[in-house]
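The file run-v3.cif contains mmCIF, C-alpha atoms:
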data_coords
#
loop_
_atom_site.label_atom_id
_atom_site.label_comp_id
_atom_site.auth_asym_id
_atom_site.auth_seq_id
_atom_site.Cartn_x
_atom_site.Cartn_y
_atom_site.Cartn_z
CA LYS Q 1 -19.18 -0.77 -6.50
CA THR Q 2 -16.42 0.35 -4.12
CA VAL Q 3 -13.93 -2.08 -5.65
CA GLU Q 4 -14.83 -0.80 -9.12
CA VAL Q 5 -14.22 2.80 -8.04
CA VAL Q 6 -10.92 2.02 -6.30
CA THR Q 7 -9.54 -0.06 -9.17
CA ALA Q 8 -10.60 2.60 -11.69
CA TRP Q 9 -8.58 5.19 -9.75
CA LEU Q 10 -5.64 2.80 -9.58
CA ASP Q 11 -5.83 2.44 -13.36
CA LYS Q 12 -5.39 6.22 -13.67
CA ALA Q 13 -2.55 6.46 -11.15
CA LYS Q 14 1.16 6.24 -11.81
CA THR Q 15 2.11 6.27 -8.12
CA LEU Q 16 0.33 4.76 -5.12
CA VAL Q 17 1.17 5.59 -1.51
CA TRP Q 18 -0.82 3.20 0.68
CA ASN Q 19 -1.02 3.60 4.46
CA GLY Q 20 -3.80 1.58 6.05
CA PRO Q 21 -6.16 -1.14 4.81
CA LEU Q 22 -9.63 -0.45 3.43
CA GLY Q 23 -11.55 -1.60 6.49
CA ALA Q 24 -11.58 -4.73 8.62
CA PHE Q 25 -9.48 -6.86 6.25
CA GLU Q 26 -9.04 -9.55 8.91
CA ILE Q 27 -12.73 -10.50 8.83
CA PRO Q 28 -14.45 -11.95 5.76
CA PRO Q 29 -16.43 -10.65 3.93
CA PHE Q 30 -15.03 -7.24 4.93
CA ASP Q 31 -11.66 -8.17 3.42
CA LYS Q 32 -12.90 -8.09 -0.18
CA ALA Q 33 -12.11 -4.44 -1.00
CA THR Q 34 -8.65 -4.52 0.56
CA MET Q 35 -7.75 -7.81 -1.14
CA ALA Q 36 -9.04 -6.63 -4.53
CA ALA Q 37 -7.22 -3.28 -4.30
CA ALA Q 38 -3.98 -4.96 -3.20
CA ARG Q 39 -4.08 -7.50 -6.01
CA HIS Q 40 -4.95 -4.88 -8.61
CA ALA Q 41 -2.16 -2.57 -7.46
CA ALA Q 42 0.30 -5.48 -7.49
CA GLU Q 43 -0.78 -6.47 -11.00
CA ARG Q 44 -0.23 -2.92 -12.29
CA THR Q 45 3.14 -2.75 -10.49
CA ARG Q 46 4.29 -6.03 -12.06
CA ALA Q 47 3.23 -4.65 -15.46
CA GLY Q 48 5.41 -1.57 -14.90
CA LYS Q 49 2.40 0.76 -14.90
CA LEU Q 50 2.43 1.71 -11.22
CA THR Q 51 4.99 2.59 -8.56
CA SER Q 52 3.48 1.23 -5.36
CA VAL Q 53 4.74 2.30 -1.95
CA ALA Q 54 3.07 0.92 1.17
CA GLY Q 55 3.65 1.41 4.87
CA GLY Q 56 2.28 0.46 8.25
CA GLY Q 57 1.90 -2.81 10.11
CA ASP Q 58 -1.74 -3.36 9.18
CA THR Q 59 -1.01 -2.47 5.56
CA VAL Q 60 1.81 -5.00 5.41
CA ALA Q 61 -0.42 -7.64 7.04
CA ALA Q 62 -3.12 -6.97 4.44
CA LEU Q 63 -0.64 -7.18 1.56
CA ASN Q 64 0.72 -10.44 2.98
CA GLN Q 65 -2.82 -11.80 3.36
CA ALA Q 66 -3.44 -10.92 -0.31
CA GLY Q 67 -0.13 -12.60 -1.21
CA VAL Q 68 1.23 -9.51 -2.98
CA ALA Q 69 3.65 -7.79 -0.57
CA ASP Q 70 6.64 -8.84 -2.68
CA ASP Q 71 5.04 -7.33 -5.79
CA PHE Q 72 4.94 -3.78 -4.44
CA THR Q 73 7.78 -1.41 -5.28
CA TYR Q 74 8.52 -0.61 -1.62
CA VAL Q 75 6.97 -1.84 1.62
CA SER Q 76 7.73 -0.48 5.10
CA THR Q 77 6.47 -1.85 8.40
CA ALA Q 78 6.63 1.65 9.90
CA GLY Q 79 3.32 3.51 10.02
CA GLY Q 80 3.65 7.05 11.31
CA ALA Q 81 7.40 7.04 10.76
CA PHE Q 82 6.81 5.93 7.18
CA LEU Q 83 4.58 8.95 6.57
CA GLU Q 84 7.08 11.28 8.22
CA TRP Q 85 9.85 9.82 6.05
CA MET Q 86 7.68 10.41 2.97
CA GLU Q 87 7.26 14.04 4.11
CA GLY Q 88 11.03 14.43 4.28
CA LYS Q 89 11.19 14.82 8.06
CA PRO Q 90 14.37 13.63 9.78
CA LEU Q 91 13.95 10.37 11.67
CA PRO Q 92 16.06 9.94 14.84
CA GLY Q 93 16.93 6.32 14.04
CA VAL Q 94 18.16 7.27 10.57
CA GLU Q 95 19.90 10.47 11.67
CA ILE Q 96 22.03 8.64 14.23
CA LEU Q 97 23.32 6.36 11.45
CA LYS Q 98 24.55 9.44 9.58
CA ALA Q 99 26.69 10.55 12.55
#
Have the structure of the file written as structure tokens, please.
Amino acid sequence: KTVEVVTAWLDKAKTLVWNGPLGAFEIPPFDKATMAAARHAAERTRAGKLTSVAGGGDTVAALNQAGVADDFTYVSTAGGAFLEWMEGKPLPGVEILKA
């Protein structure tokens, strides 16, 4: 039922910002929701129906495990920094490159 709810919301969305897997994706059978959501989001992205942005080490690991990381619009290994970047906050590592 959870997978049905998540995929139904993904079908309504035009943009997905994903930070963190849907549970213990490393341990079957607890990986099912994360894998299904990742594959569904990737399918919609490939079809041009979804802009999918994902960040965080565990998120990237989950997308790689699902075999869909390359199908997302943008993937960042940064977790907290990714969210701060999305908020528009200046990041020290990026700011120094502007100097």
Q: Just give me the gap between CA of Val6 (chain Q) and CA of Ala47 (chain Q) in Å, one decimal is fine.
A: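 Those two atoms sit 18.1 Å apart.
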Q: Would you list the contacts of Trp18 (chain Q) as number ranges by chain, taking every protein, DNA or RNA residue within 12 Å and counting only C-alpha atoms, but skipping same-chain residues closer than 4 positions in sequence?
A: Q: 10, 22, 34, 37-38, 41-42, 51-60, 62-63, 69, 72-79, 82-83, 86
Q) Given the file above and the PyMOL selection byres ((chain Q and resi 4) around 12), which residues are selected, and can you give them as a PyMOL selection string? A) chain Q and resi 1-3+5-11+32-33+36-37+40
Next, dump the selected residues to file, keeping only C-alpha atoms, as a JSON list (two decimals), in the coordinates of the input.
[["chain", "number", "residue", "atom", "x", "y", "z"],
["Q", 1, "LYS", "CA", -19.18, -0.77, -6.50],
["Q", 2, "THR", "CA", -16.42, 0.35, -4.12],
["Q", 3, "VAL", "CA", -13.93, -2.08, -5.65],
["Q", 5, "VAL", "CA", -14.22, 2.80, -8.04],
["Q", 6, "VAL", "CA", -10.92, 2.02, -6.30],
["Q", 7, "THR", "CA", -9.54, -0.06, -9.17],
["Q", 8, "ALA", "CA", -10.60, 2.60, -11.69],
["Q", 9, "TRP", "CA", -8.58, 5.19, -9.75],
["Q", 10, "LEU", "CA", -5.64, 2.80, -9.58],
["Q", 11, "ASP", "CA", -5.83, 2.44, -13.36],
["Q", 32, "LYS", "CA", -12.90, -8.09, -0.18],
["Q", 33, "ALA", "CA", -12.11, -4.44, -1.00],
["Q", 36, "ALA", "CA", -9.04, -6.63, -4.53],
["Q", 37, "ALA", "CA", -7.22, -3.28, -4.30],
["Q", 40, "HIS", "CA", -4.95, -4.88, -8.61]]
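In this model, the gap between CA of Thr45 (chain Q) and CA of Glu87 (chain Q) comes to 22.6 Å.
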Q | Distance of CA of Phe30 (chain Q) from CA of Ala13 (chain Q), expressed in Å to one decimal place | A | 24.5 Å
Assuming 6 Å of padding per side, give the centre and edge lengths of the axis-aligned box around every listed atom of region 35-47 of chain Q, in Å to one decimal and as JSON.
{"center_x": -2.4, "center_y": -5.2, "center_z": -8.3, "size_x": 25.3, "size_y": 17.2, "size_z": 26.3}
(Q) If we count only C-alpha atoms and set the cut-off at 10 Å, which residues sit around Asp31 (chain Q), ignoring sequence neighbours fewer than 5 positions away in its own chain? Please answer as number ranges by chain. (A) Q: 21-26, 36, 62, 65-66
Q | Of the listed residues Q:Asp71, Q:Pro90, Q:Pro28, Q:Lys14, that which approaches Leu50 (chain Q) most closely, counting only C-alpha atoms | A | Q:Lys14
Missing atoms of region 62-73 of chain Q rebuilt to all heavy atoms, written as a PDB file, in the frame of the given file:
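The file below, selection39.pdb, is the result:
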ATOM      1  N   ALA Q  62      -2.114  -6.831   5.503  1.00  0.00           N
ATOM      2  CA  ALA Q  62      -3.120  -6.970   4.440  1.00  0.00           C
ATOM      3  C   ALA Q  62      -2.471  -7.398   3.127  1.00  0.00           C
ATOM      4  O   ALA Q  62      -2.993  -8.277   2.430  1.00  0.00           O
ATOM      5  CB  ALA Q  62      -3.881  -5.658   4.268  1.00  0.00           C
ATOM      6  N   LEU Q  63      -1.331  -6.792   2.792  1.00  0.00           N
ATOM      7  CA  LEU Q  63      -0.640  -7.180   1.560  1.00  0.00           C
ATOM      8  C   LEU Q  63      -0.155  -8.625   1.632  1.00  0.00           C
ATOM      9  O   LEU Q  63      -0.220  -9.355   0.634  1.00  0.00           O
ATOM     10  CB  LEU Q  63       0.540  -6.240   1.293  1.00  0.00           C
ATOM     11  CG  LEU Q  63       0.201  -4.781   1.037  1.00  0.00           C
ATOM     12  CD1 LEU Q  63       1.475  -3.970   0.801  1.00  0.00           C
ATOM     13  CD2 LEU Q  63      -0.759  -4.620  -0.127  1.00  0.00           C
ATOM     14  N   ASN Q  64       0.314  -9.043   2.802  1.00  0.00           N
ATOM     15  CA  ASN Q  64       0.720 -10.440   2.980  1.00  0.00           C
ATOM     16  C   ASN Q  64      -0.486 -11.373   2.856  1.00  0.00           C
ATOM     17  O   ASN Q  64      -0.390 -12.436   2.240  1.00  0.00           O
ATOM     18  CB  ASN Q  64       1.414 -10.643   4.327  1.00  0.00           C
ATOM     19  CG  ASN Q  64       2.837 -10.137   4.306  1.00  0.00           C
ATOM     20  OD1 ASN Q  64       3.518 -10.202   3.293  1.00  0.00           O
ATOM     21  ND2 ASN Q  64       3.303  -9.631   5.428  1.00  0.00           N
ATOM     22  N   GLN Q  65      -1.606 -10.983   3.448  1.00  0.00           N
ATOM     23  CA  GLN Q  65      -2.820 -11.800   3.360  1.00  0.00           C
ATOM     24  C   GLN Q  65      -3.255 -11.949   1.895  1.00  0.00           C
ATOM     25  O   GLN Q  65      -3.714 -13.015   1.488  1.00  0.00           O
ATOM     26  CB  GLN Q  65      -3.948 -11.179   4.178  1.00  0.00           C
ATOM     27  CG  GLN Q  65      -5.220 -12.005   4.214  1.00  0.00           C
ATOM     28  CD  GLN Q  65      -6.243 -11.412   5.170  1.00  0.00           C
ATOM     29  OE1 GLN Q  65      -5.895 -10.956   6.253  1.00  0.00           O
ATOM     30  NE2 GLN Q  65      -7.500 -11.418   4.761  1.00  0.00           N
ATOM     31  N   ALA Q  66      -3.088 -10.883   1.112  1.00  0.00           N
ATOM     32  CA  ALA Q  66      -3.440 -10.920  -0.310  1.00  0.00           C
ATOM     33  C   ALA Q  66      -2.377 -11.647  -1.137  1.00  0.00           C
ATOM     34  O   ALA Q  66      -2.592 -11.953  -2.309  1.00  0.00           O
ATOM     35  CB  ALA Q  66      -3.644  -9.513  -0.839  1.00  0.00           C
ATOM     36  N   GLY Q  67      -1.213 -11.907  -0.526  1.00  0.00           N
ATOM     37  CA  GLY Q  67      -0.130 -12.600  -1.210  1.00  0.00           C
ATOM     38  C   GLY Q  67       0.619 -11.740  -2.216  1.00  0.00           C
ATOM     39  O   GLY Q  67       1.205 -12.265  -3.162  1.00  0.00           O
ATOM     40  N   VAL Q  68       0.625 -10.413  -1.992  1.00  0.00           N
ATOM     41  CA  VAL Q  68       1.230  -9.510  -2.980  1.00  0.00           C
ATOM     42  C   VAL Q  68       2.298  -8.571  -2.417  1.00  0.00           C
ATOM     43  O   VAL Q  68       2.785  -7.710  -3.144  1.00  0.00           O
ATOM     44  CB  VAL Q  68       0.138  -8.692  -3.704  1.00  0.00           C
ATOM     45  CG1 VAL Q  68      -0.801  -9.598  -4.478  1.00  0.00           C
ATOM     46  CG2 VAL Q  68      -0.613  -7.790  -2.736  1.00  0.00           C
ATOM     47  N   ALA Q  69       2.681  -8.718  -1.175  1.00  0.00           N
ATOM     48  CA  ALA Q  69       3.650  -7.790  -0.570  1.00  0.00           C
ATOM     49  C   ALA Q  69       4.940  -7.711  -1.387  1.00  0.00           C
ATOM     50  O   ALA Q  69       5.492  -6.628  -1.566  1.00  0.00           O
ATOM     51  CB  ALA Q  69       3.955  -8.185   0.871  1.00  0.00           C
ATOM     52  N   ASP Q  70       5.398  -8.824  -1.914  1.00  0.00           N
ATOM     53  CA  ASP Q  70       6.640  -8.840  -2.680  1.00  0.00           C
ATOM     54  C   ASP Q  70       6.496  -8.184  -4.057  1.00  0.00           C
ATOM     55  O   ASP Q  70       7.499  -7.910  -4.717  1.00  0.00           O
ATOM     56  CB  ASP Q  70       7.157 -10.272  -2.857  1.00  0.00           C
ATOM     57  CG  ASP Q  70       7.665 -10.871  -1.560  1.00  0.00           C
ATOM     58  OD1 ASP Q  70       8.010 -10.096  -0.632  1.00  0.00           O
ATOM     59  OD2 ASP Q  70       7.716 -12.105  -1.457  1.00  0.00           O
ATOM     60  N   ASP Q  71       5.273  -7.941  -4.486  1.00  0.00           N
ATOM     61  CA  ASP Q  71       5.040  -7.330  -5.790  1.00  0.00           C
ATOM     62  C   ASP Q  71       5.003  -5.813  -5.751  1.00  0.00           C
ATOM     63  O   ASP Q  71       5.008  -5.165  -6.802  1.00  0.00           O
ATOM     64  CB  ASP Q  71       3.727  -7.853  -6.389  1.00  0.00           C
ATOM     65  CG  ASP Q  71       3.791  -9.342  -6.675  1.00  0.00           C
ATOM     66  OD1 ASP Q  71       4.864  -9.823  -7.090  1.00  0.00           O
ATOM     67  OD2 ASP Q  71       2.775 -10.029  -6.482  1.00  0.00           O
ATOM     68  N   PHE Q  72       4.948  -5.229  -4.558  1.00  0.00           N
ATOM     69  CA  PHE Q  72       4.940  -3.780  -4.440  1.00  0.00           C
ATOM     70  C   PHE Q  72       6.362  -3.253  -4.601  1.00  0.00           C
ATOM     71  O   PHE Q  72       7.339  -3.947  -4.315  1.00  0.00           O
ATOM     72  CB  PHE Q  72       4.356  -3.362  -3.081  1.00  0.00           C
ATOM     73  CG  PHE Q  72       2.860  -3.199  -3.094  1.00  0.00           C
ATOM     74  CD1 PHE Q  72       2.029  -4.228  -3.501  1.00  0.00           C
ATOM     75  CD2 PHE Q  72       2.272  -2.005  -2.704  1.00  0.00           C
ATOM     76  CE1 PHE Q  72       0.652  -4.078  -3.535  1.00  0.00           C
ATOM     77  CE2 PHE Q  72       0.899  -1.835  -2.734  1.00  0.00           C
ATOM     78  CZ  PHE Q  72       0.089  -2.869  -3.151  1.00  0.00           C
ATOM     79  N   THR Q  73       6.481  -2.020  -5.055  1.00  0.00           N
ATOM     80  CA  THR Q  73       7.780  -1.410  -5.280  1.00  0.00           C
ATOM     81  C   THR Q  73       8.562  -1.270  -3.979  1.00  0.00           C
ATOM     82  O   THR Q  73       9.753  -1.570  -3.913  1.00  0.00           O
ATOM     83  CB  THR Q  73       7.615  -0.028  -5.942  1.00  0.00           C
ATOM     84  OG1 THR Q  73       6.799  -0.165  -7.108  1.00  0.00           O
ATOM     85  CG2 THR Q  73       8.949   0.575  -6.312  1.00  0.00           C
TER      86      THR Q  73
END
